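Here is the structure we will look at, set down as structure tokens.
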Amino acid sequence: MDLKANHSSPVITDPVPVNKSRFGLPSNVMPYSTTPVTGYPSSGLYLNIPRRKGIPGKLDEVRANSWLDAMIASSPPRKKLYKDIGFDVASDEVDASYRTWLMKYPSALNSFEQIAAYAEGKKIALFLDYDGTLSPIVDNPDNAIMSNEMRSAVKNVARCLPTAIISGRSRDKVFDFVKLTELYYAGSHGMDIMSPVRKYEPAGHHPNCISYTDKQGKEVNLFQPASEFITMIDEVFRSLVEITKGIDGATVENNKFCASVHYRNVDMKNWDHIGQCVIDVLKAYPRLRLTHGRKVLEVRPVIDWNKGKAVEFLLESLGLNDCNDVLPIYVGDDRTDEDAFKILREGNRGFGILVSSVPKETDAFYSLRDPTEVMEFLKSLVRWKETTSHNGRNNLTSI
């Protein structure tokens, strides 16, 4: 893609519609095939909202589609939110929908033996989101602290198999939260990756990639495909801070290669206003695009890069990209993680595991309810590794 190409207006995008088909996995590890379910209350508030895709040069048309609808659709439909916007939803109705949804996206904990059976003789590479996956979703993003028990679980699993955290946060911020040197980090949705030096190619051979020795003496690559956008993102960050300072509860985060506007603490009646503010800032930056996360609007460079591309890059760095005996597993909770789920599904390469306590459309194969279940899944991987090693088997081969 020509990064210097001009557009008449900001590019506003939404995830590609979910492909519901299954590809080639053995029947004993495939989630149950069921009639698609909405998994939402009969109000249809979430699933009946059209998922329109913005087109460059059609900014007025995007505005007409209502930013409020788009922002609601990208936010998790928690019971509290239903009540906040005037819907009286019985908890048993939501729970019944979730149980039905689980038939299609079974619990990775309950299906662990099936996953292990499919992983027989394969090397596992593990990829983890941070917010909502390793730490709970909190009102203040700066307080998204992982527990010591979760940190221990991540550390133990990283000692068993190659592990990376891929987050929308800046890489430095994620490391400050996690504080572990046993794994690799990808920040800004994969636009800032610390990875191992490739075993089969000269260090730093890739464009936008430099090699250095970290504080622990480990040789690593630093890959930043959007490095030319750092100054631009910083300018946008300052503009967003200024334009949103009058909106109670709004916070803006500079994640180095993307700027995030959080509206979790903004009164819902002001959501449309905050969305319009972001659009107004982006008018002057045609090389940036706007995407949705969980109660966050994210400004990113217009480049062909996302968490799915980051998974492929890390697999290549680990020397696992073209191997048939590799099983990548990606665990995440956000819409941005769908890019990684889709990569694994389309290539019939591995499993996506969605972390959610409510039904959602997804390209993942399995699900976990919350970070507590994520921690138990990580512990299960470690116990399995210890058991197989004790039995002389090598199913979870470290790289």
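We label chains A, B, ... in the order they appear in the structure tokens, count residues from 1 in each chain, and number ligands from 1 in the order shown.
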Legend entry - Residue set, range 166-295 of chain A restricted to helix (DSSP H, G or I), as an NGL selection string: :A and (171-178 or 188-190 or 227-244 or 268-282)
Inset, instruction - Write out as number ranges by chain which residues come within 7 Å of range 336-340 of chain A when counting only C-alpha atoms, dropping same-chain ones fewer than 5 positions away. - result: A: 293, 306-308, 311, 362-363
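Of all the residues in range 268-348 of chain A, the ones DSSP labels as strand (DSSP E) from the backbone are Leu288, Arg289, Leu290, Thr291, His292, Gly293, Val296, Leu297, Glu298, Val299, Arg300, Pro301, Val326, Leu327, Pro328, Ile329, Tyr330, Val331 and Gly332 of chain A.
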Produce a file of the selected residues containing N, CA, C and O atoms, as a PDB file, in the first residue's frame.
ATOM      1  N   LEU A 288      -4.888   8.688   8.332  1.00  0.00           N
ATOM      2  CA  LEU A 288      -5.269   7.990   9.558  1.00  0.00           C
ATOM      3  C   LEU A 288      -6.699   7.479   9.421  1.00  0.00           C
ATOM      4  O   LEU A 288      -7.500   8.041   8.679  1.00  0.00           O
ATOM      5  N   ARG A 289      -7.018   6.427  10.154  1.00  0.00           N
ATOM      6  CA  ARG A 289      -8.358   5.846  10.121  1.00  0.00           C
ATOM      7  C   ARG A 289      -8.883   5.682  11.540  1.00  0.00           C
ATOM      8  O   ARG A 289      -8.126   5.694  12.512  1.00  0.00           O
ATOM      9  N   LEU A 290     -10.191   5.492  11.634  1.00  0.00           N
ATOM     10  CA  LEU A 290     -10.841   5.359  12.923  1.00  0.00           C
ATOM     11  C   LEU A 290     -11.481   3.990  13.050  1.00  0.00           C
ATOM     12  O   LEU A 290     -12.200   3.547  12.154  1.00  0.00           O
ATOM     13  N   THR A 291     -11.200   3.288  14.156  1.00  0.00           N
ATOM     14  CA  THR A 291     -11.791   1.978  14.402  1.00  0.00           C
ATOM     15  C   THR A 291     -12.384   1.946  15.808  1.00  0.00           C
ATOM     16  O   THR A 291     -12.116   2.815  16.627  1.00  0.00           O
ATOM     17  N   HIS A 292     -13.207   0.915  16.065  1.00  0.00           N
ATOM     18  CA  HIS A 292     -13.892   0.778  17.341  1.00  0.00           C
ATOM     19  C   HIS A 292     -13.299  -0.348  18.171  1.00  0.00           C
ATOM     20  O   HIS A 292     -12.949  -1.402  17.651  1.00  0.00           O
ATOM     21  N   GLY A 293     -13.239  -0.140  19.465  1.00  0.00           N
ATOM     22  CA  GLY A 293     -12.934  -1.195  20.417  1.00  0.00           C
ATOM     23  C   GLY A 293     -13.992  -1.178  21.499  1.00  0.00           C
ATOM     24  O   GLY A 293     -15.073  -0.595  21.325  1.00  0.00           O
ATOM     25  N   VAL A 296     -14.100   2.368  23.212  1.00  0.00           N
ATOM     26  CA  VAL A 296     -12.934   3.168  22.856  1.00  0.00           C
ATOM     27  C   VAL A 296     -12.941   3.396  21.349  1.00  0.00           C
ATOM     28  O   VAL A 296     -13.293   2.514  20.569  1.00  0.00           O
ATOM     29  N   LEU A 297     -12.614   4.613  20.944  1.00  0.00           N
ATOM     30  CA  LEU A 297     -12.405   4.956  19.541  1.00  0.00           C
ATOM     31  C   LEU A 297     -10.904   5.057  19.337  1.00  0.00           C
ATOM     32  O   LEU A 297     -10.217   5.746  20.088  1.00  0.00           O
ATOM     33  N   GLU A 298     -10.399   4.378  18.316  1.00  0.00           N
ATOM     34  CA  GLU A 298      -8.950   4.308  18.131  1.00  0.00           C
ATOM     35  C   GLU A 298      -8.555   4.869  16.771  1.00  0.00           C
ATOM     36  O   GLU A 298      -9.100   4.469  15.739  1.00  0.00           O
ATOM     37  N   VAL A 299      -7.614   5.773  16.788  1.00  0.00           N
ATOM     38  CA  VAL A 299      -7.078   6.399  15.582  1.00  0.00           C
ATOM     39  C   VAL A 299      -5.785   5.695  15.215  1.00  0.00           C
ATOM     40  O   VAL A 299      -4.844   5.647  16.017  1.00  0.00           O
ATOM     41  N   ARG A 300      -5.749   5.141  14.007  1.00  0.00           N
ATOM     42  CA  ARG A 300      -4.576   4.355  13.568  1.00  0.00           C
ATOM     43  C   ARG A 300      -4.117   4.790  12.184  1.00  0.00           C
ATOM     44  O   ARG A 300      -4.901   5.325  11.396  1.00  0.00           O
ATOM     45  N   PRO A 301      -2.862   4.505  11.846  1.00  0.00           N
ATOM     46  CA  PRO A 301      -2.386   4.776  10.488  1.00  0.00           C
ATOM     47  C   PRO A 301      -3.097   3.907   9.456  1.00  0.00           C
ATOM     48  O   PRO A 301      -3.506   2.777   9.751  1.00  0.00           O
ATOM     49  N   VAL A 326       2.592 -26.965  13.969  1.00  0.00           N
ATOM     50  CA  VAL A 326       2.464 -25.856  14.899  1.00  0.00           C
ATOM     51  C   VAL A 326       0.980 -25.567  15.139  1.00  0.00           C
ATOM     52  O   VAL A 326       0.170 -25.595  14.212  1.00  0.00           O
ATOM     53  N   LEU A 327       0.639 -25.307  16.380  1.00  0.00           N
ATOM     54  CA  LEU A 327      -0.726 -24.947  16.736  1.00  0.00           C
ATOM     55  C   LEU A 327      -0.723 -23.596  17.453  1.00  0.00           C
ATOM     56  O   LEU A 327      -0.482 -23.523  18.655  1.00  0.00           O
ATOM     57  N   PRO A 328      -0.984 -22.505  16.734  1.00  0.00           N
ATOM     58  CA  PRO A 328      -1.095 -21.203  17.395  1.00  0.00           C
ATOM     59  C   PRO A 328      -2.433 -21.109  18.137  1.00  0.00           C
ATOM     60  O   PRO A 328      -3.467 -21.545  17.627  1.00  0.00           O
ATOM     61  N   ILE A 329      -2.411 -20.544  19.319  1.00  0.00           N
ATOM     62  CA  ILE A 329      -3.623 -20.287  20.093  1.00  0.00           C
ATOM     63  C   ILE A 329      -3.628 -18.809  20.463  1.00  0.00           C
ATOM     64  O   ILE A 329      -2.648 -18.296  21.006  1.00  0.00           O
ATOM     65  N   TYR A 330      -4.721 -18.145  20.153  1.00  0.00           N
ATOM     66  CA  TYR A 330      -4.837 -16.719  20.450  1.00  0.00           C
ATOM     67  C   TYR A 330      -6.019 -16.513  21.388  1.00  0.00           C
ATOM     68  O   TYR A 330      -7.139 -16.944  21.098  1.00  0.00           O
ATOM     69  N   VAL A 331      -5.793 -15.833  22.515  1.00  0.00           N
ATOM     70  CA  VAL A 331      -6.835 -15.577  23.506  1.00  0.00           C
ATOM     71  C   VAL A 331      -7.048 -14.068  23.612  1.00  0.00           C
ATOM     72  O   VAL A 331      -6.116 -13.327  23.925  1.00  0.00           O
ATOM     73  N   GLY A 332      -8.272 -13.606  23.333  1.00  0.00           N
ATOM     74  CA  GLY A 332      -8.554 -12.183  23.398  1.00  0.00           C
ATOM     75  C   GLY A 332     -10.036 -11.912  23.560  1.00  0.00           C
ATOM     76  O   GLY A 332     -10.874 -12.793  23.334  1.00  0.00           O
TER      77      GLY A 332
END
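Here CA of Val157 in chain A stands at a distance of 20.8 Å from CA of Phe313 in chain A.
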